[in-house]
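J.: Quick one, model_11.csv (CSV, C-alpha atoms):
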chain,number,residue,atom,x,y,z
F,1,MET,CA,57.4,-41.7,133.7
F,2,ASN,CA,60.0,-44.1,134.9
F,3,ILE,CA,59.7,-46.7,137.7
F,4,LEU,CA,61.1,-44.4,140.4
F,5,GLY,CA,58.8,-41.5,139.5
F,6,LYS,CA,55.8,-43.8,139.6
F,7,SER,CA,56.8,-45.3,143.0
F,8,ILE,CA,57.3,-41.8,144.5
F,9,LEU,CA,53.9,-40.7,143.2
F,10,ILE,CA,52.2,-43.7,144.7
F,11,GLY,CA,54.1,-43.3,148.0
F,12,THR,CA,53.0,-39.6,148.1
F,13,VAL,CA,49.4,-40.5,147.5
F,14,VAL,CA,49.5,-43.1,150.2
F,15,ALA,CA,51.2,-40.8,152.7
F,16,ILE,CA,48.6,-38.1,152.1
F,17,GLY,CA,45.8,-40.6,152.5
F,18,PHE,CA,47.4,-41.8,155.8
F,19,SER,CA,47.7,-38.2,157.1
F,20,ILE,CA,44.0,-37.5,156.4
F,21,LEU,CA,43.0,-40.8,158.1
F,22,TRP,CA,45.3,-39.9,161.1
F,23,ASP,CA,43.7,-36.5,161.5
F,24,LEU,CA,40.2,-38.0,161.4
F,25,ARG,CA,41.1,-40.6,164.0
F,26,MET,CA,42.7,-38.1,166.3
F,27,LYS,CA,39.7,-35.7,166.1
F,28,ASN,CA,37.5,-38.4,167.4
F,29,GLN,CA,39.9,-39.7,170.0
F,30,GLN,CA,41.7,-36.7,171.5
F,31,GLN,CA,40.4,-34.0,173.8
F,32,LYS,CA,41.7,-30.5,173.1
F,33,LYS,CA,44.0,-29.2,175.7
F,34,TYR,CA,44.1,-25.6,176.9
F,35,THR,CA,46.3,-23.2,178.8
F,36,ILE,CA,44.3,-20.9,181.0
F,37,SER,CA,45.6,-17.9,182.9
F,38,ALA,CA,44.0,-15.5,185.3
F,39,THR,CA,44.8,-12.5,187.5
F,40,ILE,CA,43.3,-13.0,190.9
F,41,LYS,CA,42.6,-10.1,193.2
F,42,VAL,CA,43.3,-10.8,196.9
F,43,GLU,CA,41.4,-8.7,199.5
F,44,PRO,CA,41.5,-9.2,203.2
F,45,ASP,CA,38.1,-10.4,204.6
F,46,THR,CA,37.0,-7.7,207.0
F,47,SER,CA,34.6,-10.0,208.7
F,48,ASN,CA,37.4,-12.4,209.7
F,49,THR,CA,39.5,-11.4,212.7
F,50,SER,CA,42.6,-13.5,211.9
F,51,THR,CA,45.6,-11.6,210.5
F,52,PHE,CA,45.9,-11.3,206.7
F,53,SER,CA,49.1,-12.7,205.1
F,54,PHE,CA,49.6,-12.5,201.4
F,55,SER,CA,52.3,-15.2,201.5
F,56,LYS,CA,49.9,-17.6,203.2
F,57,VAL,CA,47.3,-17.0,200.4
F,58,LEU,CA,50.0,-17.7,197.8
F,59,LYS,CA,51.0,-20.9,199.6
F,60,THR,CA,47.4,-22.1,199.9
F,61,LEU,CA,46.9,-21.4,196.2
F,62,GLU,CA,50.0,-23.4,195.4
F,63,GLN,CA,48.8,-26.3,197.6
F,64,ARG,CA,45.6,-26.3,195.7
F,65,LEU,CA,47.3,-26.4,192.4
F,66,GLU,CA,49.6,-29.2,193.6
F,67,ALA,CA,46.7,-31.2,195.0
F,68,ALA,CA,44.9,-31.0,191.7
F,69,ASN,CA,48.0,-32.2,189.9
F,70,TYR,CA,48.1,-29.3,187.5
F,71,GLN,CA,51.1,-27.9,185.5
F,72,TYR,CA,51.1,-24.4,186.7
F,73,LYS,CA,52.9,-21.1,187.1
F,74,ILE,CA,52.1,-18.7,189.9
F,75,LYS,CA,53.5,-15.4,190.9
F,76,ARG,CA,52.7,-12.3,192.8
F,77,GLN,CA,51.7,-9.4,190.7
F,78,GLY,CA,51.6,-5.9,192.1
F,79,GLU,CA,50.3,-5.1,195.5
F,80,ASN,CA,47.4,-7.5,195.9
F,81,GLU,CA,47.2,-9.6,192.8
F,82,VAL,CA,48.3,-13.1,191.8
F,83,TYR,CA,48.9,-14.3,188.3
F,84,VAL,CA,48.2,-18.0,187.7
F,85,ALA,CA,48.6,-20.0,184.5
F,86,ILE,CA,47.6,-23.6,184.2
F,87,SER,CA,48.5,-25.7,181.1
F,88,GLY,CA,47.5,-29.0,179.6
F,89,ILE,CA,43.9,-29.0,180.9
F,90,ALA,CA,40.7,-30.0,179.1
F,91,ASP,CA,38.3,-28.4,181.6
F,92,THR,CA,38.7,-24.6,181.5
F,93,ILE,CA,36.1,-23.6,184.2
F,94,SER,CA,36.6,-25.7,187.3
F,95,PRO,CA,40.3,-24.8,188.0
F,96,PHE,CA,39.2,-21.2,188.6
F,97,SER,CA,36.3,-22.3,190.9
F,98,MET,CA,38.7,-24.5,192.8
F,99,LEU,CA,41.3,-21.8,193.2
F,100,ILE,CA,39.0,-19.2,194.6
F,101,ALA,CA,36.8,-21.6,196.6
F,102,ASN,CA,36.5,-20.7,200.2
F,103,ASP,CA,34.5,-23.7,201.5
F,104,ARG,CA,34.3,-23.8,205.2
F,105,ILE,CA,33.3,-27.1,206.7
F,106,GLN,CA,31.8,-27.5,210.2
F,107,PHE,CA,30.6,-30.5,212.2
F,108,ARG,CA,28.0,-29.5,214.7
F,109,GLU,CA,25.4,-31.1,216.9
F,110,VAL,CA,21.8,-30.5,215.9
F,111,TYR,CA,18.8,-30.5,218.1
F,112,ASN,CA,16.5,-33.4,218.2
F,113,MET,CA,12.8,-32.5,217.7
F,114,ARG,CA,12.1,-34.0,221.1
F,115,ASP,CA,14.4,-31.3,222.7
F,116,LEU,CA,12.4,-28.6,221.1
F,117,ILE,CA,8.8,-29.8,221.7
F,118,PRO,CA,8.0,-27.0,224.3
F,119,MET,CA,9.4,-24.3,222.0
F,120,LEU,CA,7.7,-25.7,218.9
F,121,SER,CA,4.4,-26.3,220.6
F,122,LYS,CA,4.3,-22.7,221.8
F,123,ALA,CA,5.2,-21.5,218.3
F,124,ASN,CA,2.5,-23.7,216.9
F,125,GLU,CA,-0.1,-22.3,219.4
F,126,ILE,CA,0.8,-18.7,218.5
F,127,MET,CA,0.7,-19.4,214.7
F,128,TYR,CA,-2.6,-21.2,215.1
F,129,GLU,CA,-4.1,-18.2,216.9
F,130,LEU,CA,-2.7,-15.9,214.2
F,131,ALA,CA,-3.7,-17.9,211.2
F,132,VAL,CA,-7.0,-19.5,211.9
F,133,PRO,CA,-9.3,-17.6,214.4
F,134,GLU,CA,-12.4,-18.6,212.4
F,135,LYS,CA,-11.5,-22.3,212.7
F,136,LYS,CA,-11.5,-21.8,216.5
F,137,ILE,CA,-15.0,-20.4,216.5
F,138,ALA,CA,-16.2,-23.2,214.2
F,139,THR,CA,-14.8,-25.8,216.6
F,140,ALA,CA,-16.5,-24.1,219.5
F,141,VAL,CA,-19.8,-24.3,217.7
F,142,GLU,CA,-19.2,-28.0,216.9
F,143,ARG,CA,-18.4,-28.7,220.5
F,144,ASP,CA,-21.7,-26.9,221.5
F,145,SER,CA,-23.8,-29.0,219.2
F,146,MET,CA,-22.2,-32.2,220.3
F,147,SER,CA,-22.8,-31.4,224.0
F,148,LYS,CA,-26.5,-30.6,223.1
F,149,LEU,CA,-26.8,-34.0,221.4
F,150,VAL,CA,-25.3,-35.8,224.4
F,151,ASN,CA,-27.6,-33.9,226.8
F,152,ASP,CA,-30.6,-34.9,224.7
F,153,LEU,CA,-29.5,-38.4,224.7
F,154,LEU,CA,-29.2,-38.5,228.5
F,155,ASP,CA,-32.6,-36.9,228.9
F,156,SER,CA,-34.1,-39.4,226.6
F,157,ILE,CA,-32.6,-42.3,228.5
F,158,GLU,CA,-33.9,-40.8,231.8
F,159,LYS,CA,-37.4,-40.4,230.4
F,160,TYR,CA,-37.4,-43.9,228.9
F,161,GLU,CA,-36.5,-45.3,232.3
F,162,GLN,CA,-39.3,-43.3,234.0
F,163,THR,CA,-42.0,-44.5,231.5
F,164,PRO,CA,-44.2,-47.3,232.8
F,165,LYS,CA,-43.3,-50.5,230.8
F,166,THR,CA,-45.6,-53.1,229.2
F,167,ASN,CA,-44.3,-56.6,228.6
F,168,ASN,CA,-43.8,-55.8,224.9
F,169,LEU,CA,-40.5,-54.0,224.1
F,170,LEU,CA,-41.7,-52.8,220.8
F,171,ILE,CA,-44.8,-51.1,222.3
F,172,ASP,CA,-42.7,-49.6,225.0
F,173,LEU,CA,-40.5,-48.1,222.3
F,174,ILE,CA,-43.4,-46.7,220.3
F,175,ILE,CA,-45.0,-45.1,223.4
F,176,HIS,CA,-41.7,-43.6,224.4
F,177,THR,CA,-40.5,-42.2,221.1
F,178,GLY,CA,-43.8,-41.0,219.7
F,179,THR,CA,-43.0,-38.5,216.9
F,180,ARG,CA,-39.4,-38.0,218.2
F,181,THR,CA,-36.3,-39.2,216.5
F,182,PRO,CA,-36.0,-42.9,216.8
F,183,ARG,CA,-32.3,-42.6,217.5
F,184,LEU,CA,-32.5,-43.5,221.2
F,185,PRO,CA,-34.7,-46.6,221.0
F,186,ILE,CA,-32.5,-47.9,218.2
F,187,LEU,CA,-29.5,-47.4,220.3
F,188,LEU,CA,-31.2,-49.1,223.3
F,189,ILE,CA,-32.4,-52.0,221.3
F,190,SER,CA,-28.9,-52.6,219.9
F,191,GLU,CA,-27.5,-52.4,223.4
F,192,GLU,CA,-30.1,-55.0,224.7
L,1,MET,CA,5.9,-12.7,219.3
L,2,ARG,CA,8.2,-14.1,221.8
L,3,ILE,CA,9.0,-17.8,222.2
L,4,LEU,CA,11.5,-19.1,224.8
L,5,GLY,CA,13.9,-21.6,223.5
L,6,PRO,CA,17.3,-23.0,224.4
L,7,GLU,CA,20.2,-20.6,225.0
L,8,ASN,CA,22.4,-21.8,222.1
L,9,ILE,CA,20.4,-22.3,219.0
L,10,SER,CA,20.8,-21.3,215.4
L,11,ILE,CA,18.8,-22.1,212.3
L,12,CYS,CA,20.8,-23.6,209.4
L,13,PHE,CA,19.2,-24.1,206.0
L,14,GLY,CA,19.9,-27.0,203.6
L,15,GLU,CA,20.1,-27.1,199.9
L,16,PRO,CA,16.8,-27.6,198.1
L,17,ASP,CA,16.4,-31.1,196.7
L,18,LYS,CA,17.2,-31.0,193.0
L,19,ASN,CA,14.9,-34.0,192.3
L,20,ASP,CA,11.9,-32.4,194.0
L,21,GLU,CA,9.3,-31.0,191.6
L,22,GLN,CA,8.6,-28.2,194.0
L,23,PRO,CA,12.0,-27.5,195.6
L,24,ARG,CA,11.6,-27.1,199.3
L,25,VAL,CA,14.4,-26.1,201.7
L,26,SER,CA,14.9,-28.1,204.8
L,27,PHE,CA,16.3,-26.5,208.0
L,28,TYR,CA,17.8,-27.6,211.2
L,29,PHE,CA,18.2,-26.2,214.6
L,30,VAL,CA,21.9,-26.3,215.3
L,31,LYS,CA,23.5,-26.2,218.8
L,32,THR,CA,25.4,-22.9,218.6
L,33,ARG,CA,24.6,-19.3,219.3
L,34,ASN,CA,26.3,-18.1,216.1
L,35,MET,CA,27.3,-20.0,213.0
L,36,ASN,CA,30.5,-18.0,212.8
L,37,GLU,CA,31.7,-19.5,216.1
L,38,LYS,CA,34.3,-22.1,215.7
L,39,SER,CA,32.9,-25.6,215.6
L,40,LEU,CA,34.5,-28.7,217.1
L,41,LEU,CA,35.9,-29.8,213.7
L,42,GLU,CA,36.8,-27.6,210.8
L,43,ASN,CA,39.0,-27.4,207.7
L,44,GLU,CA,42.3,-27.4,209.6
L,45,ASP,CA,41.4,-30.7,211.2
L,46,ILE,CA,41.3,-32.4,207.8
L,47,GLU,CA,44.4,-34.5,206.9
L,48,ASN,CA,43.2,-35.5,203.5
L,49,ALA,CA,40.2,-35.3,201.3
L,50,GLY,CA,39.3,-36.9,198.0
L,51,PHE,CA,36.4,-38.1,196.1
L,52,GLU,CA,35.1,-41.6,195.5
L,53,TYR,CA,32.0,-43.3,194.2
L,54,SER,CA,29.3,-44.8,196.5
L,55,SER,CA,27.9,-48.3,195.9
L,56,ASP,CA,25.0,-46.7,193.9
L,57,GLY,CA,27.5,-44.9,191.7
L,58,ASN,CA,27.1,-41.4,193.1
L,59,PRO,CA,30.3,-39.3,193.7
L,60,GLU,CA,31.1,-38.6,197.3
L,61,VAL,CA,33.7,-36.6,199.2
L,62,SER,CA,35.8,-38.7,201.6
L,63,ILE,CA,37.5,-37.0,204.5
L,64,GLN,CA,40.3,-38.3,206.8
L,65,PHE,CA,40.8,-36.3,210.0
L,66,LYS,CA,44.1,-35.6,211.6
L,67,GLU,CA,45.1,-37.6,214.6
L,68,ASN,CA,43.9,-35.2,217.4
L,69,ALA,CA,40.7,-34.4,215.4
L,70,THR,CA,40.0,-38.1,215.0
L,71,ARG,CA,39.8,-38.4,218.8
L,72,ARG,CA,37.5,-35.4,219.0
L,73,TRP,CA,35.3,-36.8,216.2
L,74,ALA,CA,35.2,-40.2,218.0
L,75,ALA,CA,34.1,-38.4,221.2
L,76,MET,CA,31.5,-36.4,219.4
L,77,THR,CA,30.0,-39.4,217.7
L,78,ARG,CA,30.1,-41.4,221.0
L,79,LYS,CA,28.2,-38.6,222.7
L,80,ASN,CA,25.6,-38.4,219.9
L,81,ILE,CA,24.7,-42.0,219.3
L,82,GLY,CA,21.1,-42.2,218.1
L,83,LEU,CA,21.2,-38.5,217.4
L,84,ASN,CA,22.1,-36.4,214.4
L,85,ILE,CA,25.3,-34.5,213.6
L,86,GLY,CA,25.1,-31.7,211.1
L,87,ILE,CA,27.7,-31.4,208.4
L,88,ILE,CA,27.8,-27.8,207.3
L,89,ILE,CA,29.6,-26.4,204.3
L,90,ASN,CA,29.5,-22.6,203.9
L,91,ASN,CA,26.8,-22.2,206.5
L,92,LYS,CA,24.5,-24.6,204.6
L,93,ILE,CA,23.8,-28.0,206.0
L,94,ILE,CA,24.5,-30.7,203.5
L,95,ALA,CA,23.7,-33.7,205.6
L,96,ALA,CA,22.7,-34.5,209.2
L,97,PRO,CA,23.3,-38.3,209.5
L,98,ASN,CA,22.1,-40.2,212.4
L,99,VAL,CA,24.9,-41.6,214.4
L,100,SER,CA,24.5,-45.4,214.8
L,101,ALA,CA,28.0,-46.1,216.1
L,102,PRO,CA,31.0,-44.0,217.1
L,103,VAL,CA,33.5,-43.3,214.3
L,104,GLU,CA,36.9,-44.2,215.8
L,105,ASP,CA,39.1,-44.2,212.6
L,106,GLY,CA,38.4,-40.6,211.6
L,107,LYS,CA,37.1,-41.5,208.1
L,108,THR,CA,34.0,-39.7,207.0
L,109,VAL,CA,32.1,-39.6,203.8
L,110,LEU,CA,30.0,-36.6,202.7
L,111,SER,CA,27.3,-37.8,200.4
L,112,GLY,CA,25.0,-35.4,198.7
L,113,SER,CA,23.7,-34.7,195.3
L,114,TYR,CA,27.2,-33.6,194.0
L,115,THR,CA,28.5,-33.8,190.5
L,116,ILE,CA,32.1,-35.2,190.0
L,117,GLU,CA,33.4,-31.7,189.4
L,118,GLU,CA,31.8,-30.3,192.6
L,119,CYS,CA,33.3,-33.2,194.5
L,120,ARG,CA,36.7,-32.5,193.0
L,121,ILE,CA,36.5,-28.8,193.8
L,122,LEU,CA,35.2,-29.4,197.3
L,123,SER,CA,37.8,-32.1,198.2
L,124,THR,CA,40.6,-29.9,196.9
L,125,ALA,CA,39.4,-26.9,198.8
L,126,LEU,CA,39.0,-29.0,202.0
L,127,LYS,CA,42.5,-30.5,201.9
L,128,THR,CA,44.0,-27.0,201.9
L,129,ASN,CA,43.6,-24.3,204.4
L,130,ILE,CA,40.6,-22.0,204.3
L,131,LEU,CA,41.5,-18.6,203.0
L,132,ASN,CA,40.6,-15.7,205.2
L,133,THR,CA,40.5,-13.5,202.2
L,134,LYS,CA,38.2,-12.6,199.4
L,135,LEU,CA,39.5,-13.8,196.0
L,136,SER,CA,38.0,-12.6,192.8
L,137,ILE,CA,39.1,-13.1,189.2
L,138,LEU,CA,40.1,-9.8,187.6
L,139,SER,CA,40.9,-11.1,184.1
L,140,SER,CA,41.3,-14.5,182.5
L,141,SER,CA,42.3,-16.0,179.1
L,142,ILE,CA,42.0,-19.4,177.5
L,143,ASN,CA,44.3,-20.6,174.7
L,144,GLN,CA,44.4,-23.9,172.9
L,145,ASP,CA,47.7,-25.8,173.4
L,146,LYS,CA,49.8,-26.5,170.3
L,147,ASP,CA,50.6,-30.2,170.5
L,148,ASN,CA,54.1,-30.6,169.2
L,149,TYR,CA,54.3,-34.2,170.1
L,150,GLU,CA,51.1,-34.8,168.0
L,151,LEU,CA,52.6,-33.0,165.0
L,152,LYS,CA,55.8,-35.1,165.2
L,153,ARG,CA,53.8,-38.3,165.3
L,154,LYS,CA,51.8,-37.2,162.3
L,155,LEU,CA,54.9,-36.3,160.3
L,156,LEU,CA,56.6,-39.6,161.2
L,157,THR,CA,53.5,-41.6,160.1
L,158,GLY,CA,53.4,-39.7,156.8
L,159,LEU,CA,57.1,-40.3,156.2
L,160,LEU,CA,56.9,-44.0,157.1
L,161,SER,CA,53.8,-44.6,154.9
L,162,PHE,CA,55.6,-42.7,152.0
L,163,VAL,CA,58.7,-44.9,152.3
L,164,ILE,CA,56.9,-48.2,152.6
L,165,ALA,CA,54.4,-47.4,149.8
L,166,SER,CA,57.1,-46.1,147.5
L,167,GLY,CA,59.3,-49.1,148.3
L,168,ILE,CA,56.5,-51.6,147.6
L,169,ALA,CA,55.5,-49.8,144.4
L,170,PHE,CA,59.1,-49.7,143.2
L,171,PHE,CA,59.6,-53.5,144.0
L,172,VAL,CA,56.3,-54.4,142.2
L,173,PHE,CA,57.2,-52.3,139.1
L,174,LYS,CA,60.7,-53.6,139.0
L,175,THR,CA,59.4,-57.2,139.3
L,176,LEU,CA,56.8,-56.7,136.6
L,177,LYS,CA,59.3,-55.1,134.2
L,178,SER,CA,61.8,-58.0,134.7
L,179,THR,CA,59.1,-60.6,133.9
Show me, as structure tokens, the structure contained in the file I just sent.
T.:
Amino acid sequence: MNILGKSILIGTVVAIGFSILWDLRMKNQQQKKYTISATIKVEPDTSNTSTFSFSKVLKTLEQRLEAANYQYKIKRQGENEVYVAISGIADTISPFSMLIANDRIQFREVYNMRDLIPMLSKANEIMYELAVPEKKIATAVERDSMSKLVNDLLDSIEKYEQTPKTNNLLIDLIIHTGTRTPRLPILLISEE
Amino acid sequence: MRILGPENISICFGEPDKNDEQPRVSFYFVKTRNMNEKSLLENEDIENAGFEYSSDGNPEVSIQFKENATRRWAAMTRKNIGLNIGIIINNKIIAAPNVSAPVEDGKTVLSGSYTIEECRILSTALKTNILNTKLSILSSSINQDKDNYELKRKLLTGLLSFVIASGIAFFVFKTLKST
């Protein structure tokens, strides 16, 4: 093989090597781009009272495509359909969501809890009665036993005061309490 | 069961917190009889919308109101200092910020647990008119683009490397032969 042939062979080998390396580099670096197209059906919203206009819908869709900076084609197709094609995009899902999105935003005053206290208290009362009647009985019983305890305590104080006293506080207490619970004397001692 | 409440009241639900282990839905009592009634500020009052990142790196939707809506927004925030204003999207409350000072410049930021893509879709939908129609996709297709520019670059690189490598090889062989 002469010099020219050898040089061409080496050049070809190097060029092939470069092409393979280029492909590998691009595969890692570049995102694939897609063209998506869709046929969108347009139906008037019966719950909305405003007048339906197909050209307004088309204009809004165009505005959306412009706002998102897409390369697009849009045209009316048939009676109530729109054909849209978007090219050069990596994300193939969100453009459709964006096109058919019908997000309505509202800014409204909300009630403060303080404004609703009467209403919520009433609701709470009703819910309480519906949900926990047993609890109510239990509370009544607890209240009864507490009032009995208080009455006993008052009786005991009265009796202690009526009992003739010696000079010795300890003897007075023993005479007064007898076999009864020592609760009252202990309470009185601590108070003295 | 009958409970008497204010005349104009509606319940508006929020989105469940995605970070909550047991997702619970919050709800608010909104000052309106019917959520379909027009509110003080809506889509058509928006001059521009876009998305940006908060100081903690979360994407947010920023809104700029039109001039006449800016005045209404300022009046609304002035009236509700210390109270909450509900920001509702598609009848779901996304935030109910407490108003600490009136917003006079018409700039508002909607922060929620949005992804970048959700922010992009929402901001694009908000800057255009709301559609009083039902849109549904009948059919769709996806095709990969053929990148002609990429192919040209690849061919040019191959050709250049061939010429350079052949030239160098030719020069080297020629030099070796002459010596």
J.: Residues around (32.4, -44.7, 214.2), cut-off 10 Å, counting all atoms listed in the file - what are they as a VMD selection string?
T.: chain L and resid 73 to 78 81 99 to 108
J.: List as an MDAnalysis selection string the protein and nucleic acid residues near range 150-154 of chain L, meaning an atom at most 8 Å away when all atoms listed in the file are counted, but skip any in the same chain fewer than 3 places from it.
T.: (chainID F and resid 19 22) or (chainID L and resid 147 157:158)
J.: Using all atoms listed in the file, I'd like every residue of chain F that has an atom within 6 Å of chain L; please write them out as JSON, numbers by chain.
T.: {"F": [7, 8, 11, 12, 15, 19, 33, 34, 35, 36, 37, 38, 39, 40, 41, 42, 43, 44, 45, 98, 100, 102, 103, 104, 105, 106, 107, 108, 109, 110, 111, 119]}
J.: Expressed in Å to a single decimal, how great is the separation between CA of Leu9 in chain F and CA of Leu21 in chain F?
T.: 18.5 Å
J.: Compile the contact shell of Ser111 in chain L as number ranges by chain: residues with an atom at most 8 Å away, counting all atoms listed in the file, same-chain residues fewer than 5 positions apart removed.
T.: L: 59-61, 95
J.: In Å, how far is it from CA of Phe65 in chain L to CA of Phe54 in chain F?
T.: 26.8 Å
J.: How many Å separate CA of Arg72 in chain L from CA of Glu52 in chain L?
T.: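 A separation of 24.4 Å between them.
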J.: Between F:Leu154, F:Ala67, F:Ala123, F:Ala131, which is the closest to Asn48 in chain L once you count all atoms listed in the file?
T.: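 Once distances to Asn48 in chain L are computed over all atoms listed in the file, the minimum belongs to F:Ala67.
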J.: I want to know what sits within 8 Å of Ile74 in chain F, based on all atoms listed in the file, with residues of the same chain fewer than 2 positions away left out; could you give that as a PyMOL selection string?
T.: chain F and resi 62+72+76+82-85
